[in-house]
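Peer 1: input.pdb is reproduced in full below (PDB, C-alpha atoms, pLDDT in the B column).
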```pdb
ATOM      1  CA  MET A1470      84.964 -30.366  -4.016  1.00 64.00           C
ATOM      2  CA  ARG A1471      82.225 -28.754  -1.917  1.00 75.00           C
ATOM      3  CA  PRO A1472      80.843 -30.749   1.045  1.00 71.00           C
ATOM      4  CA  GLY A1473      77.297 -30.714  -0.391  1.00 75.00           C
ATOM      5  CA  VAL A1474      78.459 -32.261  -3.642  1.00 79.00           C
ATOM      6  CA  LEU A1475      80.501 -34.871  -1.788  1.00 80.00           C
ATOM      7  CA  ILE A1476      77.519 -35.831   0.389  1.00 82.00           C
ATOM      8  CA  PHE A1477      75.348 -36.067  -2.714  1.00 83.00           C
ATOM      9  CA  TRP A1478      77.720 -38.484  -4.443  1.00 84.00           C
ATOM     10  CA  LEU A1479      78.261 -40.522  -1.265  1.00 84.00           C
ATOM     11  CA  LEU A1480      74.499 -41.044  -1.086  1.00 85.00           C
ATOM     12  CA  ALA A1481      73.670 -41.170  -4.808  1.00 87.00           C
ATOM     13  CA  VAL A1482      76.026 -43.966  -5.832  1.00 88.00           C
ATOM     14  CA  PRO A1483      74.748 -46.472  -3.230  1.00 88.00           C
ATOM     15  CA  MET A1484      71.169 -45.365  -3.988  1.00 90.00           C
ATOM     16  CA  VAL A1485      71.566 -46.270  -7.647  1.00 91.00           C
ATOM     17  CA  ALA A1486      73.277 -49.542  -6.707  1.00 89.00           C
ATOM     18  CA  CYS A1487      70.418 -50.468  -4.354  1.00 87.00           C
ATOM     19  CA  ALA A1488      67.849 -49.552  -7.001  1.00 91.00           C
ATOM     20  CA  LEU A1489      69.586 -51.800  -9.519  1.00 91.00           C
ATOM     21  CA  LEU A1490      69.745 -54.625  -6.975  1.00 88.00           C
ATOM     22  CA  VAL A1491      66.010 -54.221  -6.306  1.00 89.00           C
ATOM     23  CA  ILE A1492      65.152 -54.947  -9.915  1.00 90.00           C
ATOM     24  CA  THR A1493      67.848 -57.554 -10.605  1.00 90.00           C
ATOM     25  CA  SER A1494      67.551 -59.665  -7.465  1.00 85.00           C
ATOM     26  CA  ARG A1495      65.829 -63.005  -8.010  1.00 83.00           C
ATOM     27  CA  ASN A1496      64.803 -63.363  -4.370  1.00 81.00           C
ATOM     28  CA  PRO A1497      61.790 -61.129  -3.589  1.00 82.00           C
ATOM     29  CA  LEU A1498      62.742 -60.791   0.077  1.00 80.00           C
ATOM     30  CA  ARG A1499      66.247 -59.586  -0.794  1.00 82.00           C
ATOM     31  CA  SER A1500      64.720 -57.212  -3.307  1.00 85.00           C
ATOM     32  CA  ALA A1501      62.494 -55.749  -0.576  1.00 85.00           C
ATOM     33  CA  LEU A1502      65.498 -55.354   1.735  1.00 84.00           C
ATOM     34  CA  PHE A1503      67.443 -53.523  -0.965  1.00 86.00           C
ATOM     35  CA  LEU A1504      64.406 -51.263  -1.338  1.00 88.00           C
ATOM     36  CA  VAL A1505      64.582 -50.539   2.406  1.00 87.00           C
ATOM     37  CA  ALA A1506      68.257 -49.621   2.023  1.00 86.00           C
ATOM     38  CA  HIS A1507      67.372 -47.380  -0.919  1.00 90.00           C
ATOM     39  CA  MET A1508      64.689 -45.615   1.113  1.00 89.00           C
ATOM     40  CA  LEU A1509      67.070 -45.069   4.032  1.00 87.00           C
ATOM     41  CA  LEU A1510      69.627 -43.536   1.686  1.00 87.00           C
ATOM     42  CA  LEU A1511      66.875 -41.346   0.261  1.00 90.00           C
ATOM     43  CA  ALA A1512      66.122 -40.162   3.791  1.00 87.00           C
ATOM     44  CA  GLY A1513      69.795 -39.227   4.086  1.00 86.00           C
ATOM     45  CA  MET A1514      69.443 -37.248   0.875  1.00 87.00           C
ATOM     46  CA  PHE A1515      66.468 -35.399   2.366  1.00 87.00           C
ATOM     47  CA  LEU A1516      68.538 -34.636   5.465  1.00 82.00           C
ATOM     48  CA  SER A1517      71.274 -33.165   3.311  1.00 83.00           C
ATOM     49  CA  LEU A1518      68.628 -30.845   1.810  1.00 82.00           C
ATOM     50  CA  SER A1519      67.502 -29.690   5.300  1.00 77.00           C
ATOM     51  CA  ALA A1520      64.158 -31.448   4.999  1.00 79.00           C
ATOM     52  CA  GLN A1521      64.170 -33.106   8.412  1.00 79.00           C
ATOM     53  CA  TYR A1522      60.446 -33.804   8.559  1.00 80.00           C
ATOM     54  CA  VAL A1523      60.360 -35.420   5.132  1.00 82.00           C
ATOM     55  CA  ALA A1524      63.374 -37.563   6.077  1.00 83.00           C
ATOM     56  CA  ALA A1525      61.667 -38.713   9.275  1.00 84.00           C
ATOM     57  CA  VAL A1526      58.477 -39.533   7.388  1.00 85.00           C
ATOM     58  CA  GLN A1527      60.523 -41.412   4.793  1.00 85.00           C
ATOM     59  CA  VAL A1528      62.060 -43.609   7.492  1.00 85.00           C
ATOM     60  CA  VAL A1529      58.971 -44.134   9.629  1.00 84.00           C
ATOM     61  CA  VAL A1530      56.306 -44.508   6.956  1.00 85.00           C
ATOM     62  CA  TYR A1531      58.063 -45.914   3.906  1.00 83.00           C
ATOM     63  CA  ALA A1532      61.166 -47.716   5.174  1.00 79.00           C
ATOM     64  CA  GLY A1533      59.251 -48.817   8.270  1.00 82.00           C
ATOM     65  CA  ALA A1534      55.542 -49.424   7.858  1.00 83.00           C
ATOM     66  CA  ILE A1535      55.172 -49.867   4.096  1.00 82.00           C
ATOM     67  CA  MET A1536      58.169 -52.176   3.810  1.00 82.00           C
ATOM     68  CA  VAL A1537      56.936 -54.286   6.738  1.00 81.00           C
ATOM     69  CA  LEU A1538      53.704 -54.647   4.776  1.00 80.00           C
ATOM     70  CA  PHE A1539      55.633 -55.612   1.631  1.00 81.00           C
ATOM     71  CA  VAL A1540      57.686 -58.220   3.493  1.00 79.00           C
ATOM     72  CA  PHE A1541      54.508 -59.573   5.114  1.00 78.00           C
ATOM     73  CA  VAL A1542      52.825 -59.930   1.723  1.00 78.00           C
ATOM     74  CA  ILE A1543      55.906 -61.578   0.216  1.00 78.00           C
ATOM     75  CA  MET A1544      56.009 -64.123   3.039  1.00 76.00           C
ATOM     76  CA  LEU A1545      52.239 -64.599   2.955  1.00 76.00           C
ATOM     77  CA  LEU A1546      52.234 -65.332  -0.758  1.00 74.00           C
ATOM     78  CA  ASN A1547      55.254 -67.656  -0.495  1.00 67.00           C
ATOM     79  CA  LEU A1548      56.526 -66.498  -3.859  1.00 59.00           C
ATOM     80  CA  GLY A1549      57.881 -69.747  -5.231  1.00 54.00           C
ATOM     81  CA  GLY A1550      56.344 -68.933  -8.604  1.00 51.00           C
ATOM     82  CA  ALA A1551      58.928 -66.265  -9.389  1.00 49.00           C
ATOM     83  CA  GLN A1552      60.983 -68.746 -11.396  1.00 51.00           C
ATOM     84  CA  LYS A1553      57.955 -69.484 -13.601  1.00 51.00           C
ATOM     85  CA  MET A1554      57.544 -65.799 -14.363  1.00 45.00           C
ATOM     86  CA  ASP A1555      61.238 -65.425 -15.217  1.00 50.00           C
ATOM     87  CA  ALA A1556      61.084 -68.444 -17.517  1.00 48.00           C
ATOM     88  CA  ALA A1557      58.230 -66.865 -19.435  1.00 51.00           C
ATOM     89  CA  GLY A1558      60.214 -63.645 -19.856  1.00 59.00           C
ATOM     90  CA  LEU A1559      57.314 -61.592 -18.559  1.00 55.00           C
ATOM     91  CA  GLY A1560      59.443 -59.733 -16.006  1.00 57.00           C
ATOM     92  CA  TRP A1561      62.035 -58.688 -18.594  1.00 65.00           C
ATOM     93  CA  ALA A1562      59.387 -57.617 -21.105  1.00 68.00           C
ATOM     94  CA  LEU A1563      57.601 -55.540 -18.485  1.00 61.00           C
ATOM     95  CA  GLY A1564      60.861 -53.927 -17.377  1.00 65.00           C
ATOM     96  CA  ILE A1565      61.866 -53.032 -20.935  1.00 75.00           C
ATOM     97  CA  ALA A1566      58.397 -51.630 -21.679  1.00 73.00           C
ATOM     98  CA  MET A1567      58.465 -49.473 -18.545  1.00 66.00           C
ATOM     99  CA  SER A1568      61.991 -48.230 -19.354  1.00 72.00           C
ATOM    100  CA  LEU A1569      60.955 -47.255 -22.869  1.00 77.00           C
ATOM    101  CA  GLY A1570      57.888 -45.494 -21.471  1.00 70.00           C
ATOM    102  CA  LEU A1571      60.049 -43.515 -19.034  1.00 63.00           C
ATOM    103  CA  ALA A1572      62.469 -42.579 -21.828  1.00 70.00           C
ATOM    104  CA  ALA A1573      59.519 -41.437 -23.975  1.00 69.00           C
ATOM    105  CA  LEU A1574      58.257 -39.347 -21.076  1.00 61.00           C
ATOM    106  CA  PHE A1575      61.679 -37.717 -20.684  1.00 62.00           C
ATOM    107  CA  VAL A1576      61.920 -36.996 -24.412  1.00 67.00           C
ATOM    108  CA  GLY A1577      58.339 -35.718 -24.569  1.00 63.00           C
ATOM    109  CA  THR A1578      58.772 -33.290 -21.691  1.00 58.00           C
ATOM    110  CA  GLY A1579      62.143 -32.015 -22.893  1.00 58.00           C
ATOM    111  CA  VAL A1580      64.069 -33.206 -19.815  1.00 53.00           C
ATOM    112  CA  TRP A1581      66.409 -35.337 -21.900  1.00 55.00           C
ATOM    113  CA  LYS A1582      67.383 -32.448 -24.151  1.00 59.00           C
ATOM    114  CA  SER A1583      67.464 -29.476 -21.794  1.00 58.00           C
ATOM    115  CA  GLY A1584      67.956 -31.093 -18.387  1.00 56.00           C
ATOM    116  CA  LEU A1585      66.136 -30.285 -15.186  1.00 51.00           C
ATOM    117  CA  HIS A1586      65.735 -26.615 -14.364  1.00 55.00           C
ATOM    118  CA  ALA A1587      67.095 -25.222 -11.124  1.00 56.00           C
ATOM    119  CA  GLY A1588      64.574 -24.475  -8.397  1.00 57.00           C
ATOM    120  CA  LYS A1589      63.690 -20.912  -7.474  1.00 63.00           C
ATOM    121  CA  ALA A1590      63.941 -21.347  -3.707  1.00 62.00           C
ATOM    122  CA  THR A1591      64.762 -18.453  -1.413  1.00 67.00           C
ATOM    123  CA  ALA A1592      66.491 -18.627   1.959  1.00 67.00           C
ATOM    124  CA  LYS A1593      63.113 -18.282   3.685  1.00 69.00           C
ATOM    125  CA  THR A1594      61.497 -21.154   1.781  1.00 65.00           C
ATOM    126  CA  LEU A1595      64.542 -23.355   2.293  1.00 62.00           C
ATOM    127  CA  ALA A1596      64.473 -22.707   6.039  1.00 65.00           C
ATOM    128  CA  GLN A1597      60.780 -23.608   6.295  1.00 64.00           C
ATOM    129  CA  GLY A1598      60.692 -26.348   3.653  1.00 66.00           C
ATOM    130  CA  GLY A1599      61.433 -29.353   5.828  1.00 62.00           C
ATOM    131  CA  THR A1600      59.284 -28.630   8.840  1.00 68.00           C
ATOM    132  CA  ALA A1601      56.053 -30.391   9.754  1.00 72.00           C
ATOM    133  CA  GLN A1602      54.217 -27.066   9.672  1.00 76.00           C
ATOM    134  CA  ALA A1603      55.298 -26.333   6.085  1.00 75.00           C
ATOM    135  CA  VAL A1604      54.326 -29.815   4.911  1.00 74.00           C
ATOM    136  CA  GLY A1605      50.945 -29.532   6.659  1.00 77.00           C
ATOM    137  CA  PHE A1606      50.225 -26.146   5.115  1.00 78.00           C
ATOM    138  CA  ALA A1607      51.214 -27.393   1.665  1.00 76.00           C
ATOM    139  CA  LEU A1608      49.167 -30.570   2.021  1.00 76.00           C
ATOM    140  CA  PHE A1609      45.948 -29.048   3.323  1.00 78.00           C
ATOM    141  CA  ASP A1610      45.993 -25.650   1.628  1.00 79.00           C
ATOM    142  CA  PRO A1611      42.843 -25.441  -0.545  1.00 76.00           C
ATOM    143  CA  GLU A1612      44.727 -23.477  -3.206  1.00 80.00           C
ATOM    144  CA  LEU A1613      47.405 -26.156  -3.648  1.00 76.00           C
ATOM    145  CA  PRO A1614      46.530 -29.443  -5.376  1.00 77.00           C
ATOM    146  CA  TRP A1615      48.295 -31.891  -3.022  1.00 75.00           C
ATOM    147  CA  LEU A1616      45.496 -33.327  -0.874  1.00 74.00           C
ATOM    148  CA  PHE A1617      43.765 -35.322  -3.593  1.00 76.00           C
ATOM    149  CA  PRO A1618      46.934 -37.124  -4.870  1.00 77.00           C
ATOM    150  CA  PHE A1619      47.868 -37.910  -1.270  1.00 76.00           C
ATOM    151  CA  GLU A1620      44.484 -39.556  -0.660  1.00 79.00           C
ATOM    152  CA  VAL A1621      44.628 -41.414  -3.982  1.00 80.00           C
ATOM    153  CA  ALA A1622      48.036 -42.856  -3.065  1.00 80.00           C
ATOM    154  CA  SER A1623      46.668 -44.117   0.256  1.00 81.00           C
ATOM    155  CA  ILE A1624      43.708 -45.757  -1.490  1.00 85.00           C
ATOM    156  CA  VAL A1625      46.016 -47.426  -4.041  1.00 83.00           C
ATOM    157  CA  LEU A1626      48.183 -48.834  -1.227  1.00 81.00           C
ATOM    158  CA  LEU A1627      45.082 -50.123   0.549  1.00 83.00           C
ATOM    159  CA  MET A1628      43.819 -51.772  -2.656  1.00 84.00           C
ATOM    160  CA  ALA A1629      47.220 -53.431  -3.184  1.00 80.00           C
ATOM    161  CA  ALA A1630      47.173 -54.892   0.336  1.00 79.00           C
ATOM    162  CA  VAL A1631      43.606 -56.183  -0.061  1.00 82.00           C
ATOM    163  CA  GLY A1632      44.457 -57.643  -3.465  1.00 80.00           C
ATOM    164  CA  ALA A1633      47.480 -59.466  -2.074  1.00 75.00           C
ATOM    165  CA  ILE A1634      45.384 -60.952   0.714  1.00 77.00           C
ATOM    166  CA  VAL A1635      42.697 -62.068  -1.760  1.00 78.00           C
ATOM    167  CA  LEU A1636      45.339 -63.712  -3.954  1.00 75.00           C
ATOM    168  CA  ALA A1637      46.869 -65.451  -0.954  1.00 72.00           C
ATOM    169  CA  LYS A1638      43.487 -66.696   0.293  1.00 73.00           C
ATOM    170  CA  ARG A1639      42.845 -68.494  -3.007  1.00 68.00           C
ATOM    171  CA  LYS A1640      45.857 -70.721  -2.407  1.00 61.00           C
ATOM    172  CA  LEU A1641      45.078 -71.486   1.247  1.00 56.00           C
TER     173      LEU A1641
END
```
Just dump the structure as structure tokens.

Peer 2:
Amino acid sequence: MRPGVLIFWLLAVPMVACALLVITSRNPLRSALFLVAHMLLLAGMFLSLSAQYVAAVQVVVYAGAIMVLFVFVIMLLNLGGAQKMDAAGLGWALGIAMSLGLAALFVGTGVWKSGLHAGKATAKTLAQGGTAQAVGFALFDPELPWLFPFEVASIVLLMAAVGAIVLAKRKL
């Protein structure tokens, strides 16, 4: 077995396990911690693909800052109402609906039938793909459409934080 394949499987199996524990854990704090573990393993996957900058951003921004925000919101909201939501079956219904939607997306795009296509990367693009300079050029290049989705994601995260604070203030 090639070393790249071995590294992939050593990272992929715990990643899937952590992802399953995120959605099956009844304690929201444990679920957030499993998400941190998943994000750290994802950073390891980026390192195995020679994307050092993306791996560092994954650890610092997502596993660090965003997850601290998630844990803060979980503790601020004092989520004792999770048992009420489970009793109503709302969490299971939402999970099944989202899974069916993802399966429909896979079937509709042909991924389920034909699989994912291999990338057309050259040695030059692979060597420059994980650097801060390459990410900056890709993000701010006016001919590439990545700036707008990046800004939309930041606005959505900001709205989620403000919404969590508003919900918590009602109970205080």

Peer 1: If you apply the PyMOL selection byres ((chain A and resi 1517) around 12) to this file, what residues do you get, as a PyMOL selection string?

Peer 2: chain A and resi 1472-1481+1510-1516+1518-1521+1523-1524+1595+1599

Peer 1: Just to be explicit: take each residue in the selection above, keep C-alpha atoms, and write the result as a short mmCIF file (atom, residue, chain, number, x, y, z; two decimals), keeping the file's coordinate frame.

Peer 2:
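So part.cif came out as:
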```cif
data_model
loop_
_atom_site.label_atom_id
_atom_site.label_comp_id
_atom_site.auth_asym_id
_atom_site.auth_seq_id
_atom_site.Cartn_x
_atom_site.Cartn_y
_atom_site.Cartn_z
CA PRO A 1472 80.84 -30.75 1.04
CA GLY A 1473 77.30 -30.71 -0.39
CA VAL A 1474 78.46 -32.26 -3.64
CA LEU A 1475 80.50 -34.87 -1.79
CA ILE A 1476 77.52 -35.83 0.39
CA PHE A 1477 75.35 -36.07 -2.71
CA TRP A 1478 77.72 -38.48 -4.44
CA LEU A 1479 78.26 -40.52 -1.26
CA LEU A 1480 74.50 -41.04 -1.09
CA ALA A 1481 73.67 -41.17 -4.81
CA LEU A 1510 69.63 -43.54 1.69
CA LEU A 1511 66.88 -41.35 0.26
CA ALA A 1512 66.12 -40.16 3.79
CA GLY A 1513 69.80 -39.23 4.09
CA MET A 1514 69.44 -37.25 0.88
CA PHE A 1515 66.47 -35.40 2.37
CA LEU A 1516 68.54 -34.64 5.46
CA LEU A 1518 68.63 -30.84 1.81
CA SER A 1519 67.50 -29.69 5.30
CA ALA A 1520 64.16 -31.45 5.00
CA GLN A 1521 64.17 -33.11 8.41
CA VAL A 1523 60.36 -35.42 5.13
CA ALA A 1524 63.37 -37.56 6.08
CA LEU A 1595 64.54 -23.36 2.29
CA GLY A 1599 61.43 -29.35 5.83
#
```

Peer 1: Rounded to one decimal, what separation in Å do you get between atom CA of Ala1532 of chain A and atom CA of Leu1626 of chain A?

Peer 2: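 Atom-to-atom, atom CA of Ala1532 of chain A and atom CA of Leu1626 of chain A are spaced 14.5 Å apart.
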
Peer 1: Evaluate the PyMOL selection byres ((chain A and resi 1495-1504) around 8) here and jot the selected residues down as a PDB file with C-alpha atoms, in the coordinates of the input.

Peer 2:
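For reference, part_7.pdb as written:
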```
ATOM      1  CA  CYS A1487      70.418 -50.468  -4.354  1.00 87.00           C
ATOM      2  CA  ALA A1488      67.849 -49.552  -7.001  1.00 91.00           C
ATOM      3  CA  LEU A1490      69.745 -54.625  -6.975  1.00 88.00           C
ATOM      4  CA  VAL A1491      66.010 -54.221  -6.306  1.00 89.00           C
ATOM      5  CA  ILE A1492      65.152 -54.947  -9.915  1.00 90.00           C
ATOM      6  CA  THR A1493      67.848 -57.554 -10.605  1.00 90.00           C
ATOM      7  CA  SER A1494      67.551 -59.665  -7.465  1.00 85.00           C
ATOM      8  CA  VAL A1505      64.582 -50.539   2.406  1.00 87.00           C
ATOM      9  CA  ALA A1506      68.257 -49.621   2.023  1.00 86.00           C
ATOM     10  CA  HIS A1507      67.372 -47.380  -0.919  1.00 90.00           C
ATOM     11  CA  MET A1508      64.689 -45.615   1.113  1.00 89.00           C
ATOM     12  CA  MET A1536      58.169 -52.176   3.810  1.00 82.00           C
ATOM     13  CA  PHE A1539      55.633 -55.612   1.631  1.00 81.00           C
ATOM     14  CA  VAL A1540      57.686 -58.220   3.493  1.00 79.00           C
ATOM     15  CA  ILE A1543      55.906 -61.578   0.216  1.00 78.00           C
ATOM     16  CA  LEU A1548      56.526 -66.498  -3.859  1.00 59.00           C
ATOM     17  CA  ALA A1551      58.928 -66.265  -9.389  1.00 49.00           C
TER      18      ALA A1551
END
```

Peer 1: At what distance in Å, to one decimal, does atom CA of Leu1509 of chain A lie from atom CA of Met1484 of chain A?

Peer 2: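 Between atom CA of Met1484 of chain A and atom CA of Leu1509 of chain A the gap works out to 9.0 Å.
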
Peer 1: Mind pulling up the distance from atom CA of Ala1607 of chain A to atom CA of Ala1622 of chain A?

Peer 2: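 We find that atom CA of Ala1622 of chain A and atom CA of Ala1607 of chain A lie 16.5 Å from each other.
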